[in-house]
Amino acid sequence: MTALPNQQQRVLSGMRPTGRLHLGHYHGVLKNWLRLQHEYECFFFVADWHALTTDYEQPLNIEESSWEMLIDWLAVGINPNTAKLFIQSRVPEHAELHLLLSMMTPLGWLERVPTYKDQQEKLKEKDLATYGFLGYPLLQAADILIYKATQVPVGEDQVAHIELSREVARRFNHLYGSEPDFADNAAAAVKKMGKKNAKLYNELRKRFQEKGDHEALETARALLESQQNITLGDRERLFGYLEGVSKVILPEPQPLLTPASKMPGLDGQKMSKSYNNTIGLREEPESVTHKLRTMPTDPARVRRSDPGDPEKCPVWKLHQVYSGDEVRAWVQQGCTSAGIGCLECKQPIIDAVLAEQAPIRERAEQFAANPNLVRSLVNEGCEVARDVARVTLEEVRQAMGLRSK
Ligand code: TRP
Ligand code: SF4
């Protein structure tokens with residue numbers, strides 16, 4: 001059995017609905033999620049509104065793509081009893097938080113997010129000079145902050161969005177995080193840690209505030225992290241109190257960088273739908289076999305009798321994902337001496353890919369045949385997500401003066 005999930009930390013991540021996933025998604029994102037779901041409380045969601053920021057002109061089957069993707073998540077083993085699975089648009093609180101955050105987010109912050117200009121350049125055929133597209137990272141910040149997620153697993157390309165979320169959280173706390181009786185509440189919270197820890201906390205706080213001792217600040221934060229007996233609200237209060245004035249209403253999330261997937265596409269480039277070089281997660285065996293048998297090899301190896309160079313061959317990259325030392329040595333030796341043919345060389349990969357897919361395909365078929373089950377699993381996830389989101393939003397409304405206690 002795995003250890004209990006870490007209670008103080010919450011992982012949240014989302015994917016835009018792209019329909020059925022491929023092996024690149026599996027070896028990159030999903031295997032990482034599978035690991036995280038045992039270690040943390042996890043929320044995974046379909047970012048269907050985000051799909052509209054770029055595809056508003058032709059919103060092709062966002063609904064259907066969402067369900068196909070959810071089936072793939074379930075089929076690889078994302079466990080809905082452990083991780084909460086939901087759909088963004090089913091938790092409309094995200095939109096209200098996005099609106100409220102938009103009131104205090106400087107335009108320049110959004111214009112400076114690198115993906116804003118990059119994607120406009122890259123997707124030239126689309127008119128992305130829209131309000132929604134500019135707000136993409138702010139909607140993402142709302143997705144994250146509404147769950148008070150502490151860790152957000154993302155690829156390198158998304159790190160700037162997490163950084164924006166942190167800045168927005170900081171600004172929000174600075175602007176709205178003062179409670180009328182903050183100092184009294186904080187002092188009461190300190191006492192709840194017990195005599196010894198309270199004394200230590202006060203000393204560390206003093207050292208930071210009077211001498212700017214950052215080591216003391218870090219130690220005090222670690223002390224707070226380790227406290228089991230204080231409420232979430234008190235913990236946040238004490239984090240704020242450490243640095244001075246305000247209460248932390250929206251904690252700052254950390255990016256959890258997903259290592260880039262080593263899974264190459266059929267042409268040796270990164271596996272991606274836009275390169276048309278993918279193998280579907282639950283693609284039919286005949287089709288997978290055909291794709292692998294016809295995929296390119298070292299172009300210099302024209303005839304069977306020509307020796308080849310694995311370094312120049314996309315098949316070799318697949319061996320690096322799927323084969324052990326022995327098979328790899330066999331490839332190196334057989335290829336460079338023209339001892340084996342390319343089809344022979346591909347066979348262990350074909351076997352390995354089919355073996356990897358078989359249980360996934362089987363589970364996907366079961367879920368696909370039982371849409372009511374999938375719906376009810378996702379409905380439950382949406383309910384849990386909404387409950388969390390409602391609480392945060394109520395705190396946000398209050399802090400911004402929209403509700404009195
Ligand atoms: N922008 C992310 C992507 O393209 C998807 C996403 C939306 C997301 N909201 C999120 C990821 C919140 C993590 C957290 O991959
Ligand atoms: Fe590529 Fe294998 Fe053929 Fe060598 S033998 S060129 S590694 S497919």
# chains A, B, ... in the order shown; residues from 1 in each chain; ligands from 1
$ residues_around --residues "Val331 of chain A" --least-positions-apart "6" --cutoff "8 Å" --atoms "only C-alpha atoms" --output "MDAnalysis selection string"
chainID A and resid 310 340 345
$ closest_atom_pairs --of "chain A" --to "ligand 1" --cutoff "7 Å" --atoms "only C-alpha atoms and all ligand atoms" --output "CSV"
residue,atom,partner,partner_atom_place_in_ligand_line,distance
A:Leu12,CA,ligand 1,14 (C),6.0
A:Ser13,CA,ligand 1,13 (C),3.9
A:Gly14,CA,ligand 1,11 (C),4.0
A:Met15,CA,ligand 1,5 (C),4.5
A:Arg16,CA,ligand 1,5 (C),5.5
A:Ala47,CA,ligand 1,7 (C),5.1
A:His50,CA,ligand 1,7 (C),6.3
A:Gln140,CA,ligand 1,9 (N),4.1
A:Ala141,CA,ligand 1,12 (C),6.8
A:Asp143,CA,ligand 1,12 (C),5.3
A:Ile144,CA,ligand 1,12 (C),5.4
A:Val152,CA,ligand 1,13 (C),5.9
A:Pro153,CA,ligand 1,13 (C),6.7
A:Val154,CA,ligand 1,13 (C),6.0
A:Gln158,CA,ligand 1,1 (N),6.5
$ closest_residue --among "A:Leu36, A:Ala95, A:Ala187, A:Met193" --to "Gln228 of chain A" --atoms "only C-alpha atoms"
A:Met193
$ residues_near_ligand --ligand "ligand 2" --cutoff "9 Å" --atoms "only C-alpha atoms and all ligand atoms" --output "JSON, numbers by chain"
{"A": [295, 296, 297, 298, 299, 300, 301, 304, 307, 308, 309, 310, 311, 312, 313, 314, 315, 316, 317, 319, 331, 332, 334, 335, 336, 338, 339, 340, 341, 342, 343, 344, 345, 346]}
$ write_last_selection --atoms "C-alpha atoms" --output "tab-separated table (two decimals), in the first residue's frame"
chain	number	residue	atom	x	y	z
A	295	MET	CA	7.33	4.04	-40.35
A	296	PRO	CA	10.56	5.48	-41.75
A	297	THR	CA	13.99	4.09	-40.83
A	298	ASP	CA	17.56	5.27	-41.44
A	299	PRO	CA	17.18	6.73	-44.96
A	300	ALA	CA	20.67	5.51	-45.88
A	301	ARG	CA	19.54	1.91	-45.45
A	304	ARG	CA	18.50	-5.05	-46.73
A	307	PRO	CA	24.27	-1.38	-42.92
A	308	GLY	CA	22.39	1.30	-40.98
A	309	ASP	CA	22.98	3.76	-38.16
A	310	PRO	CA	20.44	3.61	-35.31
A	311	GLU	CA	21.25	7.22	-34.39
A	312	LYS	CA	19.69	8.27	-37.67
A	313	CYS	CA	16.61	6.11	-37.24
A	314	PRO	CA	13.32	7.00	-35.50
A	315	VAL	CA	12.82	3.32	-34.67
A	316	TRP	CA	15.85	3.47	-32.41
A	317	LYS	CA	14.18	6.21	-30.35
A	319	HIS	CA	13.67	1.14	-28.64
A	331	VAL	CA	19.64	-3.67	-32.59
A	332	GLN	CA	23.00	-1.88	-32.49
A	334	GLY	CA	22.31	-6.14	-36.17
A	335	CYS	CA	21.71	-2.75	-37.74
A	336	THR	CA	25.31	-1.63	-38.16
A	338	ALA	CA	23.19	-5.43	-41.76
A	339	GLY	CA	22.59	-8.58	-39.76
A	340	ILE	CA	18.92	-7.84	-39.20
A	341	GLY	CA	16.26	-6.33	-41.41
A	342	CYS	CA	14.22	-3.29	-40.39
A	343	LEU	CA	10.99	-5.23	-40.04
A	344	GLU	CA	12.75	-7.67	-37.77
A	345	CYS	CA	14.09	-4.75	-35.77
A	346	LYS	CA	10.62	-3.26	-35.40
$ residues_around --residues "Leu281 of chain A" --least-positions-apart "6" --cutoff "10 Å" --atoms "only C-alpha atoms" --output "CSV table (one decimal) with N, CA, C and O atoms, in the first residue's frame"
chain,number,residue,atom,x,y,z
A,20,ARG,N,-9.6,11.9,-28.3
A,20,ARG,CA,-8.8,10.7,-27.9
A,20,ARG,C,-7.3,11.1,-27.8
A,20,ARG,O,-6.8,11.7,-28.6
A,21,LEU,N,-6.7,10.6,-26.7
A,21,LEU,CA,-5.3,10.9,-26.5
A,21,LEU,C,-4.4,9.9,-27.2
A,21,LEU,O,-4.8,8.8,-27.7
A,22,HIS,N,-3.1,10.2,-27.3
A,22,HIS,CA,-2.1,9.3,-27.9
A,22,HIS,C,-1.0,8.9,-26.9
A,22,HIS,O,-1.0,9.3,-25.8
A,23,LEU,N,-0.1,8.1,-27.4
A,23,LEU,CA,0.9,7.5,-26.5
A,23,LEU,C,1.8,8.6,-25.9
A,23,LEU,O,2.4,8.4,-24.9
A,24,GLY,N,1.9,9.7,-26.7
A,24,GLY,CA,2.7,10.8,-26.1
A,24,GLY,C,2.1,11.4,-24.9
A,24,GLY,O,2.8,11.6,-23.9
A,25,HIS,N,0.8,11.5,-24.9
A,25,HIS,CA,0.1,12.0,-23.6
A,25,HIS,C,0.4,11.0,-22.5
A,25,HIS,O,0.5,11.4,-21.4
A,26,TYR,N,0.3,9.7,-22.9
A,26,TYR,CA,0.4,8.7,-21.8
A,26,TYR,C,1.8,8.8,-21.2
A,26,TYR,O,1.9,8.8,-20.0
A,72,ASP,N,-10.2,8.1,-21.6
A,72,ASP,CA,-8.8,7.7,-21.7
A,72,ASP,C,-8.2,7.9,-20.3
A,72,ASP,O,-7.3,7.0,-19.9
A,75,ALA,N,-9.2,4.9,-18.4
A,75,ALA,CA,-8.7,3.7,-19.0
A,75,ALA,C,-7.2,3.5,-18.6
A,75,ALA,O,-6.8,2.3,-18.4
A,76,VAL,N,-6.4,4.5,-18.4
A,76,VAL,CA,-5.0,4.3,-18.1
A,76,VAL,C,-4.9,4.1,-16.6
A,76,VAL,O,-3.8,3.7,-16.1
A,288,VAL,N,-2.1,-0.1,-35.6
A,288,VAL,CA,-0.8,0.2,-34.9
A,288,VAL,C,0.3,-0.5,-35.6
A,288,VAL,O,1.4,0.0,-35.9
A,353,VAL,N,4.4,-2.2,-27.8
A,353,VAL,CA,3.3,-1.2,-27.8
A,353,VAL,C,1.9,-1.9,-27.7
A,353,VAL,O,1.1,-1.5,-26.9
A,356,GLU,N,1.4,-2.9,-24.2
A,356,GLU,CA,1.0,-1.8,-23.3
A,356,GLU,C,-0.4,-1.3,-23.5
A,356,GLU,O,-1.1,-1.0,-22.6
A,357,GLN,N,-0.8,-1.4,-24.8
A,357,GLN,CA,-2.2,-0.8,-25.1
A,357,GLN,C,-3.3,-1.8,-24.7
A,357,GLN,O,-4.4,-1.4,-24.4
A,358,ALA,N,-3.0,-3.1,-24.7
A,358,ALA,CA,-4.1,-4.1,-24.6
A,358,ALA,C,-5.0,-3.8,-23.3
A,358,ALA,O,-6.2,-3.7,-23.5
A,360,ILE,N,-5.3,-1.1,-21.6
A,360,ILE,CA,-5.9,0.2,-21.7
A,360,ILE,C,-7.1,0.2,-22.6
A,360,ILE,O,-8.2,0.7,-22.4
A,361,ARG,N,-6.9,-0.5,-23.8
A,361,ARG,CA,-7.9,-0.6,-24.8
A,361,ARG,C,-9.2,-1.3,-24.2
A,361,ARG,O,-10.3,-0.9,-24.4
A,364,ALA,N,-10.9,0.9,-21.8
A,364,ALA,CA,-11.6,2.0,-22.5
A,364,ALA,C,-12.9,1.5,-23.1
A,364,ALA,O,-13.9,2.2,-23.1
$ residues_around --residues "Leu138 of chain A" --least-positions-apart "3" --cutoff "12 Å" --atoms "only C-alpha atoms" --output "ChimeraX atom specification"
/A:50,53,94-107,109-111,113,116,131-135,141-146,160-169
$ write_last_selection --atoms "C-alpha atoms" --output "JSON list (two decimals), in the first residue's frame"
[["chain", "number", "residue", "atom", "x", "y", "z"],
["A", 50, "HIS", "CA", -9.99, 27.08, -22.57],
["A", 53, "THR", "CA", -10.23, 30.68, -26.43],
["A", 94, "HIS", "CA", -14.35, 29.35, -12.01],
["A", 95, "ALA", "CA", -15.95, 32.00, -14.19],
["A", 96, "GLU", "CA", -16.98, 34.19, -11.28],
["A", 97, "LEU", "CA", -13.50, 34.05, -9.80],
["A", 98, "HIS", "CA", -12.05, 34.85, -13.22],
["A", 99, "LEU", "CA", -14.28, 37.91, -13.39],
["A", 100, "LEU", "CA", -13.39, 39.09, -9.90],
["A", 101, "LEU", "CA", -9.66, 38.58, -10.48],
["A", 102, "SER", "CA", -9.93, 40.50, -13.74],
["A", 103, "MET", "CA", -10.83, 43.60, -11.73],
["A", 104, "MET", "CA", -7.40, 43.73, -10.12],
["A", 105, "THR", "CA", -5.16, 42.22, -12.77],
["A", 106, "PRO", "CA", -3.07, 44.79, -14.61],
["A", 107, "LEU", "CA", -3.43, 44.47, -18.37],
["A", 109, "TRP", "CA", 0.74, 41.33, -16.80],
["A", 110, "LEU", "CA", -1.40, 39.49, -19.32],
["A", 111, "GLU", "CA", 0.17, 41.12, -22.36],
["A", 113, "VAL", "CA", 2.82, 36.38, -20.73],
["A", 116, "TYR", "CA", 0.14, 35.41, -25.64],
["A", 131, "TYR", "CA", -10.55, 39.42, -24.89],
["A", 132, "GLY", "CA", -10.91, 35.70, -24.09],
["A", 133, "PHE", "CA", -7.51, 34.79, -25.45],
["A", 134, "LEU", "CA", -5.77, 37.57, -23.56],
["A", 135, "GLY", "CA", -7.50, 36.30, -20.45],
["A", 141, "ALA", "CA", -5.21, 31.23, -12.48],
["A", 142, "ALA", "CA", -8.84, 31.10, -11.39],
["A", 143, "ASP", "CA", -8.88, 27.33, -12.08],
["A", 144, "ILE", "CA", -5.94, 26.89, -9.77],
["A", 145, "LEU", "CA", -6.63, 29.43, -7.05],
["A", 146, "ILE", "CA", -10.24, 28.41, -6.55],
["A", 160, "ALA", "CA", 4.74, 31.26, -17.07],
["A", 161, "HIS", "CA", 1.02, 30.74, -16.47],
["A", 162, "ILE", "CA", 1.68, 29.37, -12.99],
["A", 163, "GLU", "CA", 3.96, 32.31, -12.33],
["A", 164, "LEU", "CA", 1.11, 34.65, -13.28],
["A", 165, "SER", "CA", -1.20, 32.76, -10.92],
["A", 166, "ARG", "CA", 1.30, 33.36, -8.13],
["A", 167, "GLU", "CA", 1.48, 37.06, -8.85],
["A", 168, "VAL", "CA", -2.28, 37.38, -8.98],
["A", 169, "ALA", "CA", -2.62, 35.52, -5.66]]
$ select_by_dssp --residues "segment 124-214 of chain A" --states "helix (DSSP H, G or I)" --output "NGL selection string"
:A and (131-134 or 136-145 or 156-176 or 182-191 or 195-211 or 214)
$ closest_residue --among "A:Phe367, A:Phe43, A:Tyr241, A:Trp67" --to "Asp184 of chain A" --atoms "only C-alpha atoms"
A:Tyr241
$ residues_around --residues "Ile71 of chain A" --least-positions-apart "5" --cutoff "12 Å" --atoms "only C-alpha atoms" --output "PyMOL selection string"
chain A and resi 17+19-21+46+64-66+76-80+85+281-282+360-375+377-378
$ write_last_selection --atoms "N, CA, C and O atoms" --output "compact mmCIF listing (two decimals), in the first residue's frame"
# COMPACT_ATOMS: atom_id res chain seq x y z
N PRO A 17 -9.69 19.76 -24.00
CA PRO A 17 -10.26 18.54 -24.59
C PRO A 17 -9.83 18.39 -26.04
O PRO A 17 -10.28 19.11 -26.91
N GLY A 19 -9.98 15.34 -27.54
CA GLY A 19 -10.49 14.07 -28.04
C GLY A 19 -9.60 12.95 -27.56
O GLY A 19 -8.94 13.07 -26.53
N ARG A 20 -9.56 11.86 -28.34
CA ARG A 20 -8.78 10.71 -27.89
C ARG A 20 -7.30 11.06 -27.79
O ARG A 20 -6.75 11.74 -28.65
N LEU A 21 -6.68 10.55 -26.75
CA LEU A 21 -5.28 10.87 -26.49
C LEU A 21 -4.36 9.87 -27.20
O LEU A 21 -4.81 8.84 -27.69
N VAL A 46 -11.16 18.77 -17.22
CA VAL A 46 -11.18 19.07 -18.64
C VAL A 46 -11.39 20.58 -18.79
O VAL A 46 -12.41 21.12 -18.36
N GLU A 64 -18.06 16.11 -26.97
CA GLU A 64 -17.66 14.73 -27.27
C GLU A 64 -16.17 14.51 -26.97
O GLU A 64 -15.78 13.50 -26.39
N SER A 65 -15.35 15.49 -27.36
CA SER A 65 -13.92 15.37 -27.09
C SER A 65 -13.65 15.25 -25.60
O SER A 65 -12.73 14.55 -25.18
N SER A 66 -14.45 15.95 -24.81
CA SER A 66 -14.25 15.91 -23.36
C SER A 66 -14.48 14.50 -22.84
O SER A 66 -13.69 13.98 -22.06
N VAL A 76 -6.44 4.53 -18.45
CA VAL A 76 -5.03 4.33 -18.06
C VAL A 76 -4.90 4.09 -16.56
O VAL A 76 -3.83 3.73 -16.08
N GLY A 77 -5.99 4.31 -15.83
CA GLY A 77 -5.93 4.00 -14.40
C GLY A 77 -6.04 5.19 -13.46
O GLY A 77 -5.75 5.06 -12.28
N ILE A 78 -6.42 6.34 -13.98
CA ILE A 78 -6.72 7.45 -13.07
C ILE A 78 -7.94 6.99 -12.27
O ILE A 78 -8.97 6.60 -12.85
N ASN A 79 -7.81 7.01 -10.97
CA ASN A 79 -8.81 6.39 -10.11
C ASN A 79 -9.76 7.44 -9.53
O ASN A 79 -9.35 8.26 -8.71
N PRO A 80 -11.02 7.40 -9.96
CA PRO A 80 -11.95 8.45 -9.53
C PRO A 80 -12.27 8.39 -8.03
O PRO A 80 -12.87 9.31 -7.51
N LEU A 85 -12.28 13.92 -10.75
CA LEU A 85 -12.30 14.22 -12.18
C LEU A 85 -13.51 15.09 -12.48
O LEU A 85 -14.63 14.75 -12.09
N LEU A 281 -3.86 6.05 -28.08
CA LEU A 281 -3.78 5.27 -26.85
C LEU A 281 -4.54 3.96 -26.98
O LEU A 281 -4.14 2.92 -26.48
N ARG A 282 -5.70 4.03 -27.64
CA ARG A 282 -6.49 2.81 -27.79
C ARG A 282 -6.77 2.49 -29.25
O ARG A 282 -7.84 2.05 -29.62
N ILE A 360 -5.30 -1.13 -21.60
CA ILE A 360 -5.89 0.21 -21.69
C ILE A 360 -7.09 0.17 -22.64
O ILE A 360 -8.17 0.69 -22.35
N ARG A 361 -6.88 -0.51 -23.78
CA ARG A 361 -7.95 -0.59 -24.77
C ARG A 361 -9.16 -1.34 -24.18
O ARG A 361 -10.30 -0.92 -24.35
N GLU A 362 -8.85 -2.37 -23.45
CA GLU A 362 -9.93 -3.17 -22.87
C GLU A 362 -10.75 -2.33 -21.88
O GLU A 362 -11.98 -2.31 -21.92
N ARG A 363 -10.04 -1.61 -21.01
CA ARG A 363 -10.77 -0.79 -20.03
C ARG A 363 -11.52 0.34 -20.73
O ARG A 363 -12.64 0.68 -20.36
N ALA A 364 -10.91 0.92 -21.76
CA ALA A 364 -11.59 2.01 -22.48
C ALA A 364 -12.88 1.49 -23.10
O ALA A 364 -13.92 2.17 -23.07
N GLU A 365 -12.81 0.26 -23.65
CA GLU A 365 -14.03 -0.30 -24.26
C GLU A 365 -15.13 -0.47 -23.21
O GLU A 365 -16.30 -0.20 -23.47
N GLN A 366 -14.72 -0.92 -22.04
CA GLN A 366 -15.73 -1.09 -20.98
C GLN A 366 -16.37 0.24 -20.59
O GLN A 366 -17.58 0.34 -20.45
N PHE A 367 -15.54 1.26 -20.44
CA PHE A 367 -16.10 2.57 -20.07
C PHE A 367 -16.95 3.13 -21.21
O PHE A 367 -18.03 3.68 -20.98
N ALA A 368 -16.45 2.96 -22.44
CA ALA A 368 -17.20 3.50 -23.58
C ALA A 368 -18.56 2.82 -23.71
O ALA A 368 -19.54 3.43 -24.14
N ALA A 369 -18.61 1.55 -23.31
CA ALA A 369 -19.87 0.81 -23.41
C ALA A 369 -20.81 1.17 -22.27
O ALA A 369 -21.95 0.73 -22.23
N ASN A 370 -20.33 1.93 -21.32
CA ASN A 370 -21.12 2.24 -20.14
C ASN A 370 -21.09 3.74 -19.83
O ASN A 370 -20.57 4.17 -18.80
N PRO A 371 -21.62 4.53 -20.77
CA PRO A 371 -21.52 5.99 -20.61
C PRO A 371 -22.17 6.50 -19.32
O PRO A 371 -21.71 7.50 -18.77
N ASN A 372 -23.19 5.78 -18.85
CA ASN A 372 -23.81 6.25 -17.61
C ASN A 372 -22.87 6.17 -16.42
O ASN A 372 -22.88 7.05 -15.55
N LEU A 373 -22.06 5.13 -16.42
CA LEU A 373 -21.08 5.00 -15.34
C LEU A 373 -20.09 6.17 -15.39
O LEU A 373 -19.83 6.83 -14.38
N VAL A 374 -19.57 6.44 -16.59
CA VAL A 374 -18.61 7.53 -16.73
C VAL A 374 -19.24 8.86 -16.29
O VAL A 374 -18.65 9.64 -15.56
N ARG A 375 -20.47 9.06 -16.75
CA ARG A 375 -21.16 10.30 -16.36
C ARG A 375 -21.30 10.43 -14.86
O ARG A 375 -21.10 11.49 -14.28
N LEU A 377 -19.48 9.03 -12.52
CA LEU A 377 -18.17 9.28 -11.89
C LEU A 377 -17.79 10.75 -12.01
O LEU A 377 -17.30 11.37 -11.05
N VAL A 378 -18.02 11.29 -13.20
CA VAL A 378 -17.65 12.69 -13.41
C VAL A 378 -18.61 13.62 -12.65
O VAL A 378 -18.19 14.64 -12.10
$ residues_around --residues "segment 196-200 of chain A" --least-positions-apart "3" --cutoff "12 Å" --atoms "only C-alpha atoms" --output "list in words"
Ala186, Ala187, Ala188, Ala189, Val190, Lys191, Lys192, Met193, Glu203, Leu204, Arg205, Lys206, Arg207, Ala216, Leu217, Thr219, Ala220, Arg221, Ala222, Leu223, Leu224, Ser226, Gln227, Gln228, Asn229, Ile230 and Leu238 of chain A
$ write_last_selection --atoms "N, CA, C and O atoms" --output "tab-separated table (two decimals), in the first residue's frame"
chain	number	residue	atom	x	y	z
A	186	ALA	N	-4.41	36.19	14.76
A	186	ALA	CA	-3.12	35.55	14.55
A	186	ALA	C	-2.51	35.13	15.88
A	186	ALA	O	-2.01	34.01	16.02
A	187	ALA	N	-2.58	36.00	16.86
A	187	ALA	CA	-2.01	35.68	18.17
A	187	ALA	C	-2.70	34.45	18.77
A	187	ALA	O	-2.05	33.57	19.34
A	188	ALA	N	-4.01	34.38	18.58
A	188	ALA	CA	-4.75	33.22	19.09
A	188	ALA	C	-4.32	31.95	18.36
A	188	ALA	O	-4.18	30.88	18.96
A	189	ALA	N	-4.08	32.09	17.05
A	189	ALA	CA	-3.66	30.93	16.26
A	189	ALA	C	-2.28	30.45	16.70
A	189	ALA	O	-2.01	29.25	16.74
A	190	VAL	N	-1.40	31.39	17.04
A	190	VAL	CA	-0.05	31.02	17.48
A	190	VAL	C	-0.15	30.11	18.70
A	190	VAL	O	0.51	29.07	18.79
A	191	LYS	N	-1.02	30.50	19.63
A	191	LYS	CA	-1.17	29.73	20.88
A	191	LYS	C	-1.58	28.30	20.62
A	191	LYS	O	-1.17	27.38	21.31
A	192	LYS	N	-2.39	28.12	19.58
A	192	LYS	CA	-2.91	26.78	19.31
A	192	LYS	C	-1.82	25.79	18.90
A	192	LYS	O	-2.05	24.59	18.83
A	193	MET	N	-0.64	26.31	18.56
A	193	MET	CA	0.44	25.39	18.15
A	193	MET	C	1.10	24.72	19.34
A	193	MET	O	1.97	23.86	19.16
A	203	GLU	N	9.77	33.72	17.83
A	203	GLU	CA	11.18	34.11	17.70
A	203	GLU	C	11.58	34.25	16.23
A	203	GLU	O	12.22	35.22	15.83
A	204	LEU	N	11.16	33.25	15.45
A	204	LEU	CA	11.53	33.27	14.02
A	204	LEU	C	10.90	34.48	13.33
A	204	LEU	O	11.52	35.14	12.50
A	205	ARG	N	9.66	34.74	13.69
A	205	ARG	CA	8.94	35.87	13.08
A	205	ARG	C	9.66	37.18	13.39
A	205	ARG	O	9.85	38.02	12.51
A	206	LYS	N	10.08	37.28	14.63
A	206	LYS	CA	10.78	38.49	15.05
A	206	LYS	C	12.10	38.64	14.29
A	206	LYS	O	12.45	39.73	13.82
A	207	ARG	N	12.81	37.51	14.17
A	207	ARG	CA	14.10	37.57	13.47
A	207	ARG	C	13.92	38.00	12.03
A	207	ARG	O	14.74	38.74	11.48
A	216	ALA	N	15.30	32.44	8.76
A	216	ALA	CA	14.30	32.32	9.82
A	216	ALA	C	12.90	32.21	9.21
A	216	ALA	O	12.06	31.42	9.66
A	217	LEU	N	12.68	32.97	8.14
A	217	LEU	CA	11.38	32.92	7.47
A	217	LEU	C	11.11	31.51	6.93
A	217	LEU	O	10.03	30.94	7.13
A	219	THR	N	12.48	28.71	7.92
A	219	THR	CA	12.31	27.76	9.04
A	219	THR	C	10.90	27.88	9.60
A	219	THR	O	10.25	26.87	9.90
A	220	ALA	N	10.42	29.10	9.73
A	220	ALA	CA	9.08	29.30	10.28
A	220	ALA	C	8.03	28.70	9.35
A	220	ALA	O	7.05	28.09	9.80
A	221	ARG	N	8.25	28.84	8.05
A	221	ARG	CA	7.29	28.26	7.10
A	221	ARG	C	7.27	26.75	7.22
A	221	ARG	O	6.22	26.12	7.20
A	222	ALA	N	8.47	26.18	7.35
A	222	ALA	CA	8.56	24.72	7.49
A	222	ALA	C	7.85	24.29	8.77
A	222	ALA	O	7.16	23.27	8.80
A	223	LEU	N	8.00	25.09	9.80
A	223	LEU	CA	7.34	24.79	11.06
A	223	LEU	C	5.82	24.76	10.87
A	223	LEU	O	5.13	23.84	11.32
A	224	LEU	N	5.31	25.75	10.14
A	224	LEU	CA	3.86	25.80	9.89
A	224	LEU	C	3.40	24.60	9.06
A	224	LEU	O	2.37	24.00	9.33
A	226	SER	N	4.53	21.74	9.06
A	226	SER	CA	4.54	20.49	9.82
A	226	SER	C	3.46	20.43	10.90
A	226	SER	O	3.29	19.40	11.54
A	227	GLN	N	2.75	21.52	11.11
A	227	GLN	CA	1.73	21.52	12.17
A	227	GLN	C	0.50	20.71	11.77
A	227	GLN	O	-0.09	20.95	10.72
A	228	GLN	N	0.14	19.77	12.59
A	228	GLN	CA	-1.02	18.94	12.27
A	228	GLN	C	-2.30	19.48	12.91
A	228	GLN	O	-3.40	19.18	12.46
A	229	ASN	N	-2.16	20.25	13.97
A	229	ASN	CA	-3.34	20.54	14.80
A	229	ASN	C	-4.01	21.89	14.55
A	229	ASN	O	-4.91	22.28	15.28
A	230	ILE	N	-3.55	22.63	13.55
A	230	ILE	CA	-4.22	23.91	13.32
A	230	ILE	C	-5.06	23.86	12.05
A	230	ILE	O	-4.77	23.08	11.14
A	238	LEU	N	-1.30	32.48	9.76
A	238	LEU	CA	0.05	32.50	10.32
A	238	LEU	C	1.12	32.68	9.24
A	238	LEU	O	2.16	33.27	9.49
$ closest_residue --among "A:Ala329, A:Ala149, A:Val321, A:Met271" --to "Leu250 of chain A" --atoms "only C-alpha atoms"
A:Ala149
$ closest_residue --among "A:Glu326, A:Glu156, A:Glu284, A:Asp306" --to "Ser261 of chain A" --atoms "only C-alpha atoms"
A:Glu156
$ atom_distance --atom1 "atom CA of Leu128 of chain A" --atom2 "atom CA of Val159 of chain A"
21.0 Å
$ residues_around --residues "Val91 of chain A" --least-positions-apart "2" --cutoff "7 Å" --atoms "only C-alpha atoms" --output "JSON, numbers by chain"
{"A": [88, 89, 93, 94, 382, 386]}
$ decode --residues "segment 225-241 of chain A" --atoms "C-alpha atoms" --output "PDB file, in the first residue's frame"
ATOM      1  CA  GLU A 225       3.863  23.120   7.203  1.00  0.00           C
ATOM      2  CA  SER A 226       4.541  20.493   9.819  1.00  0.00           C
ATOM      3  CA  GLN A 227       1.725  21.520  12.168  1.00  0.00           C
ATOM      4  CA  GLN A 228      -1.024  18.938  12.268  1.00  0.00           C
ATOM      5  CA  ASN A 229      -3.341  20.541  14.797  1.00  0.00           C
ATOM      6  CA  ILE A 230      -4.216  23.912  13.324  1.00  0.00           C
ATOM      7  CA  THR A 231      -6.986  24.644  10.843  1.00  0.00           C
ATOM      8  CA  LEU A 232      -6.356  25.630   7.248  1.00  0.00           C
ATOM      9  CA  GLY A 233      -7.585  29.147   8.009  1.00  0.00           C
ATOM     10  CA  ASP A 234      -5.210  29.537  10.934  1.00  0.00           C
ATOM     11  CA  ARG A 235      -2.332  28.190   8.937  1.00  0.00           C
ATOM     12  CA  GLU A 236      -2.920  30.767   6.224  1.00  0.00           C
ATOM     13  CA  ARG A 237      -3.267  33.501   8.796  1.00  0.00           C
ATOM     14  CA  LEU A 238       0.053  32.500  10.319  1.00  0.00           C
ATOM     15  CA  PHE A 239       1.769  32.465   6.938  1.00  0.00           C
ATOM     16  CA  GLY A 240       0.549  36.011   6.382  1.00  0.00           C
ATOM     17  CA  TYR A 241       1.433  37.099   9.915  1.00  0.00           C
TER      18      TYR A 241
END
